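What follows is the content of target_28.cif (mmCIF, C-alpha atoms).
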data_query
loop_
_atom_site.label_atom_id
_atom_site.label_comp_id
_atom_site.auth_asym_id
_atom_site.auth_seq_id
_atom_site.Cartn_x
_atom_site.Cartn_y
_atom_site.Cartn_z
CA MET I 28 140.81 21.60 95.65
CA GLY I 29 138.29 24.41 95.76
CA GLN I 30 137.32 26.20 98.95
CA LEU I 31 133.72 24.98 98.60
CA ASP I 32 134.27 21.43 97.34
CA GLY I 33 131.29 19.26 98.24
CA LYS I 34 129.24 22.23 99.47
CA THR I 35 125.81 23.36 98.32
CA ALA I 36 125.10 27.07 98.03
CA LEU I 37 122.19 29.37 97.29
CA VAL I 38 122.61 32.80 95.72
CA THR I 39 119.44 34.84 95.40
CA GLY I 40 119.37 37.49 92.71
CA GLY I 41 121.95 35.51 90.78
CA THR I 42 121.22 36.68 87.24
CA SER I 43 123.46 39.75 87.08
CA GLY I 44 125.97 41.89 88.92
CA ILE I 45 127.24 40.75 92.31
CA GLY I 46 124.95 37.71 92.44
CA LEU I 47 126.06 36.38 89.07
CA ALA I 48 129.74 36.97 89.84
CA THR I 49 129.35 35.19 93.18
CA ALA I 50 127.54 32.22 91.65
CA LYS I 51 130.40 31.86 89.17
CA ARG I 52 133.00 32.06 91.91
CA PHE I 53 131.18 29.54 94.12
CA ALA I 54 130.92 27.10 91.21
CA ASP I 55 134.60 27.58 90.35
CA GLU I 56 135.42 26.73 93.97
CA GLY I 57 133.56 23.40 93.75
CA ALA I 58 130.08 24.20 95.07
CA TYR I 59 126.78 22.99 93.68
CA VAL I 60 124.99 26.30 93.27
CA PHE I 61 121.33 27.26 93.19
CA ILE I 62 120.52 30.72 91.84
CA THR I 63 117.26 32.63 91.72
CA GLY I 64 115.89 35.37 89.51
CA ARG I 65 112.54 36.79 88.53
CA ASP I 66 113.03 36.76 84.76
CA ARG I 67 113.06 33.30 83.16
CA THR I 68 115.22 34.22 80.18
CA ARG I 69 117.89 35.93 82.24
CA LEU I 70 117.79 33.10 84.77
CA ASP I 71 118.37 30.48 82.08
CA GLU I 72 121.26 32.49 80.64
CA ALA I 73 122.86 32.88 84.07
CA ALA I 74 122.44 29.20 84.86
CA ALA I 75 124.04 28.23 81.55
CA SER I 76 127.00 30.55 82.09
CA THR I 77 127.70 29.40 85.65
CA GLY I 78 126.58 25.77 85.65
CA ALA I 79 124.16 26.65 88.45
CA HIS I 80 120.68 25.28 89.01
CA GLY I 81 118.26 28.13 88.27
CA VAL I 82 114.97 28.45 90.17
CA GLN I 83 112.62 31.23 89.14
CA SER I 84 111.68 33.04 92.32
CA ASP I 85 110.79 36.51 93.58
CA VAL I 86 112.10 36.88 97.15
CA SER I 87 109.35 39.37 97.98
CA LYS I 88 106.77 36.59 97.55
CA PRO I 89 106.92 34.02 100.40
CA GLU I 90 104.98 31.42 98.41
CA GLU I 91 107.71 31.45 95.77
CA LEU I 92 110.32 31.00 98.47
CA ASP I 93 108.41 27.87 99.57
CA THR I 94 108.82 26.54 96.03
CA LEU I 95 112.52 27.41 96.11
CA ALA I 96 113.05 25.59 99.40
CA ALA I 97 111.23 22.53 98.07
CA GLU I 98 113.45 22.51 94.97
CA ILE I 99 116.61 22.70 97.08
CA ALA I 100 115.31 19.94 99.36
CA LYS I 101 115.03 17.63 96.35
CA HIS I 102 118.80 17.82 95.96
CA GLY I 103 118.95 15.89 99.22
CA VAL I 104 122.09 17.24 100.90
CA GLY I 105 120.90 20.42 102.58
CA LEU I 106 122.56 23.81 102.27
CA ASP I 107 125.98 24.97 103.41
CA VAL I 108 125.89 28.56 102.17
CA VAL I 109 123.11 31.11 101.72
CA PHE I 110 123.94 34.44 100.11
CA ALA I 111 120.78 36.53 100.48
CA ASN I 112 121.73 38.94 97.74
CA ALA I 113 118.47 39.80 95.97
CA GLY I 114 117.20 43.32 96.49
CA GLY I 115 117.38 46.83 95.15
CA GLY I 116 116.01 50.31 95.45
CA ASP I 117 115.59 53.66 93.76
CA PHE I 118 115.73 57.34 94.52
CA ALA I 119 112.93 59.29 96.20
CA THR I 120 113.07 62.26 98.54
CA LEU I 121 111.01 62.34 101.72
CA THR I 122 108.52 64.57 99.90
CA ASP I 123 108.17 62.11 97.04
CA VAL I 124 108.05 58.82 98.93
CA THR I 125 104.85 56.84 98.38
CA PRO I 126 103.48 53.78 100.19
CA GLN I 127 104.32 51.73 97.11
CA HIS I 128 107.92 52.97 97.15
CA TYR I 129 108.17 52.05 100.81
CA ARG I 130 106.74 48.57 100.23
CA ASP I 131 108.99 47.95 97.24
CA ASN I 132 112.16 48.76 99.18
CA PHE I 133 111.26 46.91 102.35
CA ASP I 134 109.60 43.92 100.67
CA ARG I 135 112.63 43.27 98.49
CA ASN I 136 115.41 44.11 100.91
CA VAL I 137 114.03 43.28 104.35
CA ALA I 138 111.11 40.87 103.94
CA GLY I 139 112.92 39.16 101.08
CA THR I 140 115.96 38.56 103.26
CA VAL I 141 113.95 37.54 106.34
CA PHE I 142 111.90 34.95 104.51
CA THR I 143 114.75 33.67 102.34
CA VAL I 144 116.66 32.82 105.50
CA GLN I 145 113.58 31.55 107.35
CA LYS I 146 112.43 29.26 104.53
CA THR I 147 115.89 27.78 104.01
CA LEU I 148 116.74 27.49 107.71
CA PRO I 149 115.46 23.88 108.02
CA LEU I 150 117.79 22.93 105.15
CA LEU I 151 120.95 24.44 106.63
CA ASN I 152 123.60 21.98 107.68
CA GLU I 153 125.50 22.40 110.92
CA GLY I 154 128.31 24.87 110.38
CA ALA I 155 126.58 26.61 107.47
CA SER I 156 127.33 30.21 106.54
CA ILE I 157 124.70 32.87 105.89
CA ILE I 158 125.82 36.06 104.16
CA LEU I 159 123.46 39.04 104.02
CA ALA I 160 123.77 41.86 101.50
CA GLY I 161 124.30 45.19 103.22
CA SER I 162 125.32 48.54 101.76
CA THR I 163 127.45 51.53 102.61
CA ALA I 164 124.23 53.52 102.16
CA ALA I 165 123.20 52.38 105.65
CA SER I 166 126.07 54.43 107.13
CA GLU I 167 125.59 57.55 105.04
CA GLY I 168 122.97 60.23 104.62
CA THR I 169 122.60 60.23 100.85
CA PRO I 170 119.78 62.52 99.75
CA SER I 171 116.82 60.75 98.09
CA PHE I 172 118.10 57.32 99.17
CA GLY I 173 116.56 57.17 102.64
CA LEU I 174 114.31 54.15 102.35
CA TYR I 175 116.94 52.01 100.68
CA ALA I 176 119.48 53.04 103.33
CA ALA I 177 117.01 52.27 106.12
CA SER I 178 116.27 48.84 104.67
CA LYS I 179 119.99 48.04 104.60
CA ALA I 180 120.40 49.27 108.19
CA ALA I 181 117.72 46.73 109.10
CA ILE I 182 119.82 44.01 107.45
CA ARG I 183 122.76 44.90 109.70
CA SER I 184 120.56 44.59 112.78
CA LEU I 185 119.10 41.27 111.64
CA SER I 186 122.55 39.78 111.09
CA ARG I 187 123.51 40.46 114.70
CA THR I 188 120.34 38.88 116.06
CA TRP I 189 120.50 35.82 113.83
CA ALA I 190 124.18 35.31 114.60
CA ALA I 191 123.24 35.09 118.29
CA GLU I 192 120.23 32.84 117.65
CA LEU I 193 122.04 30.30 115.49
CA THR I 194 125.27 29.70 117.40
CA ASP I 195 123.91 26.43 118.82
CA ARG I 196 123.82 25.05 115.28
CA LYS I 197 127.28 26.48 114.57
CA ILE I 198 125.74 28.58 111.80
CA ARG I 199 127.54 31.84 111.14
CA VAL I 200 125.78 35.01 109.94
CA ASN I 201 127.74 37.91 108.48
CA THR I 202 127.01 40.94 106.32
CA ILE I 203 128.90 41.96 103.20
CA VAL I 204 128.92 45.74 102.71
CA PRO I 205 129.74 46.74 99.14
CA GLY I 206 130.55 50.28 98.16
CA PRO I 207 129.59 51.50 94.69
CA ILE I 208 129.96 48.56 92.31
CA GLU I 209 129.49 48.76 88.56
CA THR I 210 126.40 46.62 88.11
CA PRO I 211 123.17 46.92 86.10
CA GLY I 212 121.39 47.67 89.36
CA LEU I 213 123.58 50.71 90.00
CA THR I 214 123.74 52.10 86.47
CA GLY I 215 119.99 51.56 86.17
CA LEU I 216 119.48 54.32 88.76
CA ALA I 217 120.72 56.92 86.26
CA PRO I 218 118.58 58.50 83.53
CA ALA I 219 119.30 57.27 80.00
CA GLY I 220 122.67 58.48 78.80
CA GLN I 221 123.88 59.51 82.25
CA GLN I 222 125.20 56.17 83.51
CA GLN I 223 128.86 57.10 83.17
CA GLU I 224 128.24 60.42 84.89
CA LEU I 225 126.73 58.54 87.83
CA LEU I 226 129.71 56.16 88.04
CA ASP I 227 132.22 59.01 87.80
CA GLY I 228 130.43 60.93 90.54
CA MET I 229 130.43 57.91 92.83
CA ALA I 230 134.08 57.14 92.10
CA ALA I 231 135.00 60.68 93.14
CA GLN I 232 133.62 59.96 96.63
CA VAL I 233 135.73 56.81 97.09
CA PRO I 234 139.26 57.16 98.51
CA MET I 235 140.52 54.69 95.90
CA LYS I 236 138.95 56.92 93.22
CA ARG I 237 137.12 54.17 91.39
CA VAL I 238 134.02 52.03 91.65
CA GLY I 239 134.38 48.34 92.36
CA ARG I 240 133.84 45.27 90.21
CA PRO I 241 131.34 42.50 91.00
CA GLU I 242 134.18 39.99 91.08
CA GLU I 243 135.80 41.89 93.96
CA ILE I 244 132.65 41.50 96.03
CA ALA I 245 132.37 37.84 95.03
CA ALA I 246 135.85 37.19 96.40
CA ALA I 247 134.87 38.68 99.75
CA VAL I 248 131.60 36.72 99.84
CA LEU I 249 133.60 33.55 99.17
CA PHE I 250 135.76 34.38 102.19
CA LEU I 251 132.67 34.66 104.39
CA ALA I 252 131.23 31.46 102.91
CA SER I 253 134.36 29.39 103.46
CA GLU I 254 136.30 28.08 106.42
CA GLN I 255 138.72 30.96 105.93
CA SER I 256 136.31 33.06 108.05
CA SER I 257 135.53 30.35 110.60
CA PHE I 258 135.90 32.70 113.61
CA MET I 259 133.60 35.40 112.23
CA THR I 260 129.92 35.83 112.98
CA GLY I 261 127.70 38.88 113.42
CA ALA I 262 130.30 40.94 111.57
CA GLU I 263 130.24 43.44 108.74
CA LEU I 264 132.85 43.14 106.01
CA ALA I 265 133.16 46.38 104.04
CA VAL I 266 134.43 46.12 100.47
CA ASP I 267 134.06 49.77 99.55
CA GLY I 268 137.37 51.25 98.48
CA GLY I 269 137.50 52.94 101.87
CA GLN I 270 134.28 54.90 101.37
CA ILE I 271 133.00 54.54 104.93
CA GLN I 272 136.37 53.68 106.47
CA VAL I 273 138.64 56.58 105.60
#
As structure tokens, what does this structure read like?
Amino acid sequence: MGQLDGKTALVTGGTSGIGLATAKRFADEGAYVFITGRDRTRLDEAAASTGAHGVQSDVSKPEELDTLAAEIAKHGVGLDVVFANAGGGDFATLTDVTPQHYRDNFDRNVAGTVFTVQKTLPLLNEGASIILAGSTAASEGTPSFGLYAASKAAIRSLSRTWAAELTDRKIRVNTIVPGPIETPGLTGLAPAGQQQELLDGMAAQVPMKRVGRPEEIAAAVLFLASEQSSFMTGAELAVDGGQIQV
């Protein structure tokens, strides 16, 4: 038996990287999985490879989250797991930050998370698990990454508040905190031809001297989604090779 047999799960940003690996793992563990993505072609490919139900949705647009919630409601059994994974960011120093850069980071990472959870809240079954996507960036002072780091610090704060608010429904809220993970989102931060240089530089800052794999994060998200973490709420789980621990 799988750890999520009979459960229904949502993974936002499920077309690549951590989201795709998590959708695969959830499905392998017996869950019926909904995934979201902004690009129709990539969404269809991800749905085919995982067996998930793909719903085209941009988490920064609340009206599209309404459509997502309605699609999940049609399934008729509510939700047991929400992994609010969609998000991203890019580099900009304080001097270079623009209002658009600010909006892009906070709309995707903060507003997207807030309204994903809010819109799906009526669908959550008693005892459901919500997992928010944090980042080690929130605990570091990485030059040119300030807005992304601040948006992820906001996620940590939200998880504490929501954990307190939802205890009456026995809903748990925890934050997964990945270190550097080899994903398209990470390598896409590097100029063309410099992706390996970026990964090598990040690996050098990790005590384990390597970057992580999406499947390693997916395993930790599964732990938070399952009954294996039944006495955890409001917590951060760092899966970072020791980057902010050692």
Problem set entry | Result set, the PyMOL selection byres ((chain I and resi 49) around 12) on current file, as a PyMOL selection string | chain I and resi 36-48+50-56+58+60-62+73+77+79+108-112+158+240-252
| query | If you apply the PyMOL selection byres ((chain I and resi 201) around 12) to this file, what residues do you get, as an MDAnalysis selection string? | reply | chainID I and resid 108:111 155:161 182:191 193 198:200 202:204 247:253 256:265
Each region 83-199 of chain I residue no farther than 12 Å from region 231-239 of chain I, nearest pair in Å, only C-alpha atoms, as JSON lines:
{"residue": "I:Thr163", "atom": "CA", "partner": "I:Val233", "partner_atom": "CA", "distance": 11.3}
{"residue": "I:Glu167", "atom": "CA", "partner": "I:Gln232", "partner_atom": "CA", "distance": 11.9}
{"residue": "I:Thr169", "atom": "CA", "partner": "I:Gln232", "partner_atom": "CA", "distance": 11.8}
Quick one: residues within 10 Å of (142.1, 24.9, 93.9) (file frame), counting only C-alpha atoms, please, as a PDB file with C-alpha atoms, keeping the file's coordinate frame.
ATOM      1  CA  MET I  28     140.810  21.600  95.650  1.00  0.00           C
ATOM      2  CA  GLY I  29     138.290  24.410  95.760  1.00  0.00           C
ATOM      3  CA  GLN I  30     137.320  26.200  98.950  1.00  0.00           C
ATOM      4  CA  LEU I  31     133.720  24.980  98.600  1.00  0.00           C
ATOM      5  CA  ASP I  32     134.270  21.430  97.340  1.00  0.00           C
ATOM      6  CA  ASP I  55     134.600  27.580  90.350  1.00  0.00           C
ATOM      7  CA  GLU I  56     135.420  26.730  93.970  1.00  0.00           C
ATOM      8  CA  GLY I  57     133.560  23.400  93.750  1.00  0.00           C
TER       9      GLY I  57
END
Checklist line | Selection result of the PyMOL selection byres ((chain I and resi 89-91) around 10) on this file, as an NGL selection string | finding: :I and (82-88 or 92-97 or 138-139 or 141-143 or 145-146)
Quick check, in Å to one decimal: how far apart do CA of Ile99 (chain I) and CA of Pro149 (chain I) lie?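 Computed distance, CA of Ile99 (chain I) to CA of Pro149 (chain I), equals 11.1 Å.
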| message | Please report the interatomic distance between CA of Ala180 (chain I) and CA of Ala165 (chain I) in Å with one decimal. | response |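 We find that CA of Ala180 (chain I) and CA of Ala165 (chain I) lie 4.9 Å from each other.
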For Arg67 (chain I), find every residue with an atom within 9 Å (counting all atoms listed in the file), except residues of its own chain fewer than 2 positions away, and show them as an MDAnalysis selection string. chainID I and resid 64:65 69:72 81:83
Pairwise distance, CA of Ala113 (chain I) with CA of Leu225 (chain I), equals 22.0 Å
Between I:Gln222, I:Ser76, I:Arg135, I:Tyr175, single out the one closest to Thr210 (chain I), counting all atoms listed in the file.
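Residue with the minimum atom-to-atom distance to Thr210 (chain I): I:Gln222.
With only C-alpha atoms as the atoms that count, the residue of I:Gln221, I:Ser171, I:Thr147, I:Gln270 with the shortest distance to Pro205 (chain I) is I:Gln270.
The nearest approach to Gly168 (chain I) among the residues I:Thr120, I:Thr194, I:Thr63, I:Gln127, with only C-alpha atoms taken into account, belongs to I:Thr120.
Of the residues under consideration (I:Glu98, I:Asp227, I:Asp267, I:Glu254), I:Glu98 shows the shortest atom-to-atom contact distance to Leu150 (chain I) when counting all atoms listed in the file.
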Can you spit out region 127-251 of chain I with C-alpha atoms, as a short mmCIF file (atom, residue, chain, number, x, y, z; two decimals), in the first residue's frame, from the structure just given?
data_model
loop_
_atom_site.label_atom_id
_atom_site.label_comp_id
_atom_site.auth_asym_id
_atom_site.auth_seq_id
_atom_site.Cartn_x
_atom_site.Cartn_y
_atom_site.Cartn_z
CA GLN I 127 7.68 45.13 -12.07
CA HIS I 128 10.43 42.98 -10.56
CA TYR I 129 8.89 43.46 -7.14
CA ARG I 130 5.41 42.54 -8.36
CA ASP I 131 6.68 39.49 -10.23
CA ASN I 132 8.42 38.06 -7.17
CA PHE I 133 5.67 38.79 -4.68
CA ASP I 134 2.74 37.96 -6.98
CA ARG I 135 4.16 34.55 -7.80
CA ASN I 136 5.62 33.58 -4.45
CA VAL I 137 3.44 35.32 -1.87
CA ALA I 138 0.10 36.19 -3.49
CA GLY I 139 0.21 32.95 -5.47
CA THR I 140 0.64 30.94 -2.28
CA VAL I 141 -1.93 32.95 -0.29
CA PHE I 142 -4.65 32.59 -2.87
CA THR I 143 -3.86 28.99 -3.78
CA VAL I 144 -4.42 28.05 -0.15
CA GLN I 145 -7.41 30.37 0.28
CA LYS I 146 -9.22 29.15 -2.85
CA THR I 147 -8.69 25.48 -1.99
CA LEU I 148 -9.42 25.84 1.72
CA PRO I 149 -13.15 25.01 1.37
CA LEU I 150 -12.15 21.78 -0.37
CA LEU I 151 -9.72 20.57 2.29
CA ASN I 152 -10.78 17.52 4.22
CA GLU I 153 -10.30 17.28 7.96
CA GLY I 154 -6.74 16.23 8.67
CA ALA I 155 -5.40 17.59 5.37
CA SER I 156 -1.78 18.62 4.95
CA ILE I 157 -0.63 21.90 3.40
CA ILE I 158 3.02 22.17 2.37
CA LEU I 159 4.44 25.56 1.42
CA ALA I 160 7.58 26.02 -0.68
CA GLY I 161 10.23 27.93 1.23
CA SER I 162 13.90 28.45 0.42
CA THR I 163 17.25 28.65 2.15
CA ALA I 164 17.49 32.09 0.53
CA ALA I 165 15.20 33.40 3.27
CA SER I 166 17.95 32.71 5.84
CA GLU I 167 20.86 34.09 3.85
CA GLY I 168 21.97 37.44 2.52
CA THR I 169 22.69 36.53 -1.08
CA PRO I 170 23.55 39.61 -3.13
CA SER I 171 21.04 40.46 -5.89
CA PHE I 172 18.49 37.97 -4.52
CA GLY I 173 16.80 40.20 -1.95
CA LEU I 174 13.23 40.26 -3.22
CA TYR I 175 13.09 36.52 -3.78
CA ALA I 176 14.54 35.92 -0.31
CA ALA I 177 12.03 38.34 1.25
CA SER I 178 9.14 36.63 -0.50
CA LYS I 179 10.25 33.27 0.89
CA ALA I 180 10.63 34.75 4.38
CA ALA I 181 6.98 35.77 4.06
CA ILE I 182 6.08 32.15 3.29
CA ARG I 183 7.70 31.04 6.55
CA SER I 184 5.65 33.58 8.49
CA LEU I 185 2.42 32.59 6.75
CA SER I 186 2.94 28.92 7.56
CA ARG I 187 3.11 29.68 11.28
CA THR I 188 -0.07 31.76 11.21
CA TRP I 189 -2.04 29.29 9.12
CA ALA I 190 -0.90 26.37 11.27
CA ALA I 191 -2.42 28.17 14.27
CA GLU I 192 -5.60 29.12 12.41
CA LEU I 193 -6.37 25.66 11.06
CA THR I 194 -5.79 23.42 14.07
CA ASP I 195 -9.54 23.19 14.72
CA ARG I 196 -9.90 21.40 11.38
CA LYS I 197 -6.87 19.23 12.16
CA ILE I 198 -5.17 20.67 9.08
CA ARG I 199 -1.39 20.79 9.31
CA VAL I 200 0.73 23.47 7.62
CA ASN I 201 4.47 23.02 7.17
CA THR I 202 7.20 24.53 5.00
CA ILE I 203 9.71 22.60 2.92
CA VAL I 204 13.02 24.44 2.61
CA PRO I 205 15.12 23.19 -0.30
CA GLY I 206 18.73 24.13 -0.75
CA PRO I 207 20.14 24.43 -4.27
CA ILE I 208 18.40 21.82 -6.41
CA GLU I 209 19.25 21.10 -10.03
CA THR I 210 16.06 22.23 -11.75
CA PRO I 211 15.26 24.28 -14.86
CA GLY I 212 14.26 27.12 -12.55
CA LEU I 213 17.72 27.22 -10.98
CA THR I 214 19.82 26.72 -14.11
CA GLY I 215 17.64 29.27 -15.89
CA LEU I 216 19.11 31.97 -13.62
CA ALA I 217 22.50 31.59 -15.33
CA PRO I 218 23.46 33.24 -18.62
CA ALA I 219 23.61 30.90 -21.62
CA GLY I 220 26.54 28.52 -21.35
CA GLN I 221 27.15 29.22 -17.66
CA GLN I 222 24.67 26.81 -16.10
CA GLN I 223 27.29 24.32 -14.92
CA GLU I 224 29.38 27.13 -13.48
CA LEU I 225 26.36 28.24 -11.44
CA LEU I 226 25.72 24.71 -10.16
CA ASP I 227 29.39 24.19 -9.28
CA GLY I 228 29.50 27.48 -7.41
CA MET I 229 26.40 26.60 -5.41
CA ALA I 230 27.67 23.09 -4.67
CA ALA I 231 30.85 24.60 -3.22
CA GLN I 232 28.75 26.40 -0.59
CA VAL I 233 26.98 23.21 0.56
CA PRO I 234 28.62 21.09 3.27
CA MET I 235 27.76 17.95 1.29
CA LYS I 236 29.54 19.52 -1.71
CA ARG I 237 26.78 18.90 -4.21
CA VAL I 238 23.43 20.27 -5.28
CA GLY I 239 20.32 18.25 -4.62
CA ARG I 240 17.98 16.35 -6.91
CA PRO I 241 14.25 17.09 -7.28
CA GLU I 242 13.47 13.54 -6.16
CA GLU I 243 15.16 14.21 -2.82
CA ILE I 244 12.83 17.12 -2.18
CA ALA I 245 9.84 15.08 -3.34
CA ALA I 246 10.63 12.44 -0.73
CA ALA I 247 10.61 15.07 2.01
CA VAL I 248 7.37 16.61 0.73
CA LEU I 249 5.81 13.14 0.80
CA PHE I 250 6.82 12.85 4.45
CA LEU I 251 5.05 16.12 5.25
#
